[in-house]
Amino acid sequence: MASSMKFLCVLGLILLVGTVVDGAGECGRSTPDNEAMKLAPCVGAAQDANAAVPGGCCAQIKRYTQNPKCLCAVLLSDTAKASGVQPEVALTIPKRCNFANRPVGYKCGGKYY
């Protein structure tokens, strides 16, 4: 009984350390809601597929091109929803910014981009 309890304690410690080292979420140590706040210049472009994408928005979105999981989590966050962001429109922003190295074929919220 003592050896199984010791094993569980060691296993729990390993899982805890792994979670702390990993950075926790899709966006590392930041939350998707915090990251969504940084995308304020993109709100208009994320609501209307015909709206021009401001340069400030493209600069912010470019930070996420190597981390599509974070971008997806940001676009589906409570903050983005409260701002009126339409994920299916927002997913077109990297293409509208003419990024050559944008995520393609990645599934986010049931949609592919």
# chains A, B, ... in the order shown; residues from 1 in each chain; ligands from 1
>>> residues_around(residues="Arg63 of chain A", least_positions_apart="3", cutoff="12 Å", atoms="only C-alpha atoms", output="list in words")
Cys27, Glu35, Lys38, Leu39, Gly56, Cys57, Cys58, Ala59, Gln60, Gln66, Asn67, Pro68, Cys70, Leu71, Pro94, Phe99, Asn101, Arg102 and Pro103 of chain A
>>> write_last_selection(atoms="all heavy atoms", output="CSV table (one decimal), in the first residue's frame")
chain,number,residue,atom,x,y,z
A,27,CYS,N,-1.5,29.3,-26.0
A,27,CYS,CA,-0.7,30.6,-26.2
A,27,CYS,C,0.4,30.7,-25.2
A,27,CYS,O,0.8,31.8,-24.8
A,27,CYS,CB,-1.7,31.8,-26.1
A,27,CYS,SG,-3.0,31.8,-27.3
A,35,GLU,N,-4.5,37.6,-25.1
A,35,GLU,CA,-4.0,37.7,-26.5
A,35,GLU,C,-5.1,38.4,-27.4
A,35,GLU,O,-4.7,39.2,-28.2
A,35,GLU,CB,-3.6,36.4,-27.1
A,35,GLU,CG,-2.4,35.8,-26.4
A,35,GLU,CD,-1.2,36.6,-26.5
A,35,GLU,OE1,-0.8,37.0,-27.7
A,35,GLU,OE2,-0.5,36.8,-25.5
A,38,LYS,N,-4.9,42.2,-27.6
A,38,LYS,CA,-3.9,42.7,-28.4
A,38,LYS,C,-4.3,42.9,-29.9
A,38,LYS,O,-3.6,43.5,-30.7
A,38,LYS,CB,-2.6,41.9,-28.4
A,38,LYS,CG,-2.0,41.8,-27.0
A,38,LYS,CD,-0.9,40.8,-26.9
A,38,LYS,CE,-0.4,40.5,-25.5
A,38,LYS,NZ,0.6,39.5,-25.4
A,39,LEU,N,-5.4,42.3,-30.2
A,39,LEU,CA,-5.9,42.3,-31.6
A,39,LEU,C,-7.0,43.3,-31.8
A,39,LEU,O,-7.8,43.2,-32.8
A,39,LEU,CB,-6.4,40.9,-32.0
A,39,LEU,CG,-5.4,39.8,-32.0
A,39,LEU,CD1,-6.0,38.5,-32.4
A,39,LEU,CD2,-4.3,40.2,-33.0
A,56,GLY,N,-1.8,47.7,-38.7
A,56,GLY,CA,-1.6,47.3,-37.3
A,56,GLY,C,-2.1,45.9,-37.0
A,56,GLY,O,-1.6,45.2,-36.2
A,57,CYS,N,-3.2,45.6,-37.6
A,57,CYS,CA,-3.8,44.3,-37.5
A,57,CYS,C,-2.9,43.2,-38.1
A,57,CYS,O,-2.7,42.2,-37.4
A,57,CYS,CB,-5.2,44.2,-38.1
A,57,CYS,SG,-6.0,42.6,-38.2
A,58,CYS,N,-2.5,43.4,-39.3
A,58,CYS,CA,-1.6,42.5,-39.9
A,58,CYS,C,-0.3,42.2,-39.1
A,58,CYS,O,0.1,41.1,-39.0
A,58,CYS,CB,-1.2,42.9,-41.3
A,58,CYS,SG,-2.6,42.9,-42.5
A,59,ALA,N,0.2,43.3,-38.5
A,59,ALA,CA,1.4,43.2,-37.7
A,59,ALA,C,1.1,42.3,-36.5
A,59,ALA,O,2.0,41.4,-36.1
A,59,ALA,CB,1.9,44.5,-37.2
A,60,GLN,N,0.0,42.4,-35.9
A,60,GLN,CA,-0.4,41.6,-34.7
A,60,GLN,C,-0.6,40.1,-35.1
A,60,GLN,O,-0.2,39.2,-34.5
A,60,GLN,CB,-1.6,42.1,-34.0
A,60,GLN,CG,-1.4,43.4,-33.3
A,60,GLN,CD,-0.3,43.3,-32.1
A,60,GLN,OE1,-0.3,42.3,-31.4
A,60,GLN,NE2,0.5,44.3,-32.0
A,66,GLN,N,2.9,31.2,-36.8
A,66,GLN,CA,3.6,30.0,-36.5
A,66,GLN,C,2.9,29.2,-35.3
A,66,GLN,O,3.4,28.2,-34.9
A,66,GLN,CB,5.1,30.3,-36.1
A,66,GLN,CG,5.9,31.0,-37.2
A,66,GLN,CD,5.9,30.1,-38.4
A,66,GLN,OE1,6.2,28.9,-38.4
A,66,GLN,NE2,5.6,30.7,-39.6
A,67,ASN,N,1.8,29.8,-34.8
A,67,ASN,CA,1.1,29.1,-33.7
A,67,ASN,C,-0.4,29.1,-34.0
A,67,ASN,O,-1.1,29.9,-33.4
A,67,ASN,CB,1.4,29.8,-32.4
A,67,ASN,CG,0.9,29.0,-31.2
A,67,ASN,OD1,0.2,28.0,-31.4
A,67,ASN,ND2,1.3,29.4,-30.0
A,68,PRO,N,-0.8,28.3,-35.0
A,68,PRO,CA,-2.3,28.4,-35.4
A,68,PRO,C,-3.2,27.9,-34.2
A,68,PRO,O,-4.3,28.4,-34.2
A,68,PRO,CB,-2.4,27.4,-36.6
A,68,PRO,CG,-1.1,26.6,-36.6
A,68,PRO,CD,-0.1,27.4,-35.8
A,70,CYS,N,-2.9,28.8,-31.1
A,70,CYS,CA,-3.1,30.0,-30.3
A,70,CYS,C,-4.1,30.9,-31.0
A,70,CYS,O,-5.0,31.4,-30.5
A,70,CYS,CB,-1.8,30.7,-30.0
A,70,CYS,SG,-2.0,32.2,-29.1
A,71,LEU,N,-3.8,31.1,-32.3
A,71,LEU,CA,-4.7,32.0,-33.1
A,71,LEU,C,-6.1,31.5,-33.1
A,71,LEU,O,-7.1,32.3,-32.8
A,71,LEU,CB,-4.2,32.0,-34.6
A,71,LEU,CG,-5.1,32.9,-35.5
A,71,LEU,CD1,-5.2,34.3,-35.0
A,71,LEU,CD2,-4.6,32.8,-36.9
A,94,PRO,N,-5.3,36.4,-42.1
A,94,PRO,CA,-4.0,36.1,-42.6
A,94,PRO,C,-3.9,36.1,-44.2
A,94,PRO,O,-2.9,36.7,-44.7
A,94,PRO,CB,-3.6,34.8,-42.1
A,94,PRO,CG,-4.5,34.7,-40.8
A,94,PRO,CD,-5.8,35.4,-41.2
A,99,PHE,N,-0.1,37.1,-46.3
A,99,PHE,CA,1.0,36.4,-45.7
A,99,PHE,C,1.3,35.1,-46.5
A,99,PHE,O,0.4,34.3,-46.7
A,99,PHE,CB,0.7,36.0,-44.2
A,99,PHE,CG,0.6,37.1,-43.3
A,99,PHE,CD1,-0.3,37.0,-42.2
A,99,PHE,CD2,1.4,38.3,-43.4
A,99,PHE,CE1,-0.4,38.1,-41.3
A,99,PHE,CE2,1.3,39.3,-42.5
A,99,PHE,CZ,0.4,39.2,-41.5
A,101,ASN,N,3.4,32.7,-45.6
A,101,ASN,CA,3.6,31.6,-44.6
A,101,ASN,C,2.4,31.6,-43.6
A,101,ASN,O,2.7,31.6,-42.4
A,101,ASN,CB,4.9,31.7,-43.9
A,101,ASN,CG,6.1,31.5,-44.8
A,101,ASN,OD1,5.9,30.8,-45.8
A,101,ASN,ND2,7.2,32.1,-44.5
A,102,ARG,N,1.2,31.6,-44.1
A,102,ARG,CA,0.1,31.5,-43.2
A,102,ARG,C,-0.4,30.1,-43.0
A,102,ARG,O,-0.1,29.2,-43.9
A,102,ARG,CB,-1.0,32.4,-43.7
A,102,ARG,CG,-1.6,31.9,-45.0
A,102,ARG,CD,-2.7,32.8,-45.5
A,102,ARG,NE,-3.4,32.3,-46.7
A,102,ARG,CZ,-3.0,32.5,-47.9
A,102,ARG,NH1,-1.9,33.2,-48.2
A,102,ARG,NH2,-3.6,32.0,-48.9
A,103,PRO,N,-1.0,29.8,-41.9
A,103,PRO,CA,-1.6,28.4,-41.7
A,103,PRO,C,-2.6,28.1,-42.8
A,103,PRO,O,-3.5,28.9,-43.0
A,103,PRO,CB,-2.2,28.5,-40.3
A,103,PRO,CG,-1.8,29.8,-39.7
A,103,PRO,CD,-1.3,30.7,-40.8
>>> residues_around(residues="segment 46-49 of chain A", least_positions_apart="2", cutoff="6 Å", atoms="only C-alpha atoms", output="VMD selection string")
chain A and resid 42 to 44 51 85 to 86 89 to 90
>>> write_last_selection(atoms="N, CA, C and O atoms", output="tab-separated table (two decimals), in the first residue's frame")
chain	number	residue	atom	x	y	z
A	42	CYS	N	-7.91	44.68	-35.17
A	42	CYS	CA	-8.49	43.75	-36.13
A	42	CYS	C	-10.01	43.63	-36.04
A	42	CYS	O	-10.61	42.92	-36.85
A	43	VAL	N	-10.63	44.30	-35.09
A	43	VAL	CA	-12.05	44.08	-34.84
A	43	VAL	C	-12.90	44.33	-36.09
A	43	VAL	O	-13.73	43.49	-36.45
A	44	GLY	N	-12.70	45.44	-36.76
A	44	GLY	CA	-13.49	45.73	-37.96
A	44	GLY	C	-13.31	44.68	-39.04
A	44	GLY	O	-14.28	44.22	-39.65
A	51	ALA	N	-14.10	44.46	-45.33
A	51	ALA	CA	-13.38	45.59	-44.73
A	51	ALA	C	-11.89	45.47	-44.99
A	51	ALA	O	-11.34	44.37	-45.01
A	85	VAL	N	-16.45	39.60	-32.86
A	85	VAL	CA	-15.62	38.93	-33.85
A	85	VAL	C	-16.37	37.72	-34.40
A	85	VAL	O	-16.95	36.94	-33.66
A	86	GLN	N	-16.38	37.59	-35.71
A	86	GLN	CA	-16.96	36.43	-36.38
A	86	GLN	C	-15.79	35.53	-36.78
A	86	GLN	O	-15.05	35.88	-37.70
A	89	VAL	N	-14.96	34.90	-40.39
A	89	VAL	CA	-14.42	36.07	-41.09
A	89	VAL	C	-12.99	36.33	-40.62
A	89	VAL	O	-12.09	36.60	-41.42
A	90	ALA	N	-12.77	36.24	-39.32
A	90	ALA	CA	-11.45	36.49	-38.76
A	90	ALA	C	-10.40	35.53	-39.31
A	90	ALA	O	-9.24	35.90	-39.49
>>> residues_around(residues="Ser77 of chain A", least_positions_apart="3", cutoff="8 Å", atoms="only C-alpha atoms", output="VMD selection string")
chain A and resid 32 to 33 36 73 to 74 80 to 81
>>> atom_distance(atom1="atom CA of Asn34 of chain A", atom2="atom CA of Ile61 of chain A")
14.1 Å
>>> atom_distance(atom1="atom CA of Ser83 of chain A", atom2="atom CA of Asn50 of chain A")
17.9 Å
>>> atom_distance(atom1="atom CA of Val53 of chain A", atom2="atom CA of Arg96 of chain A")
7.0 Å
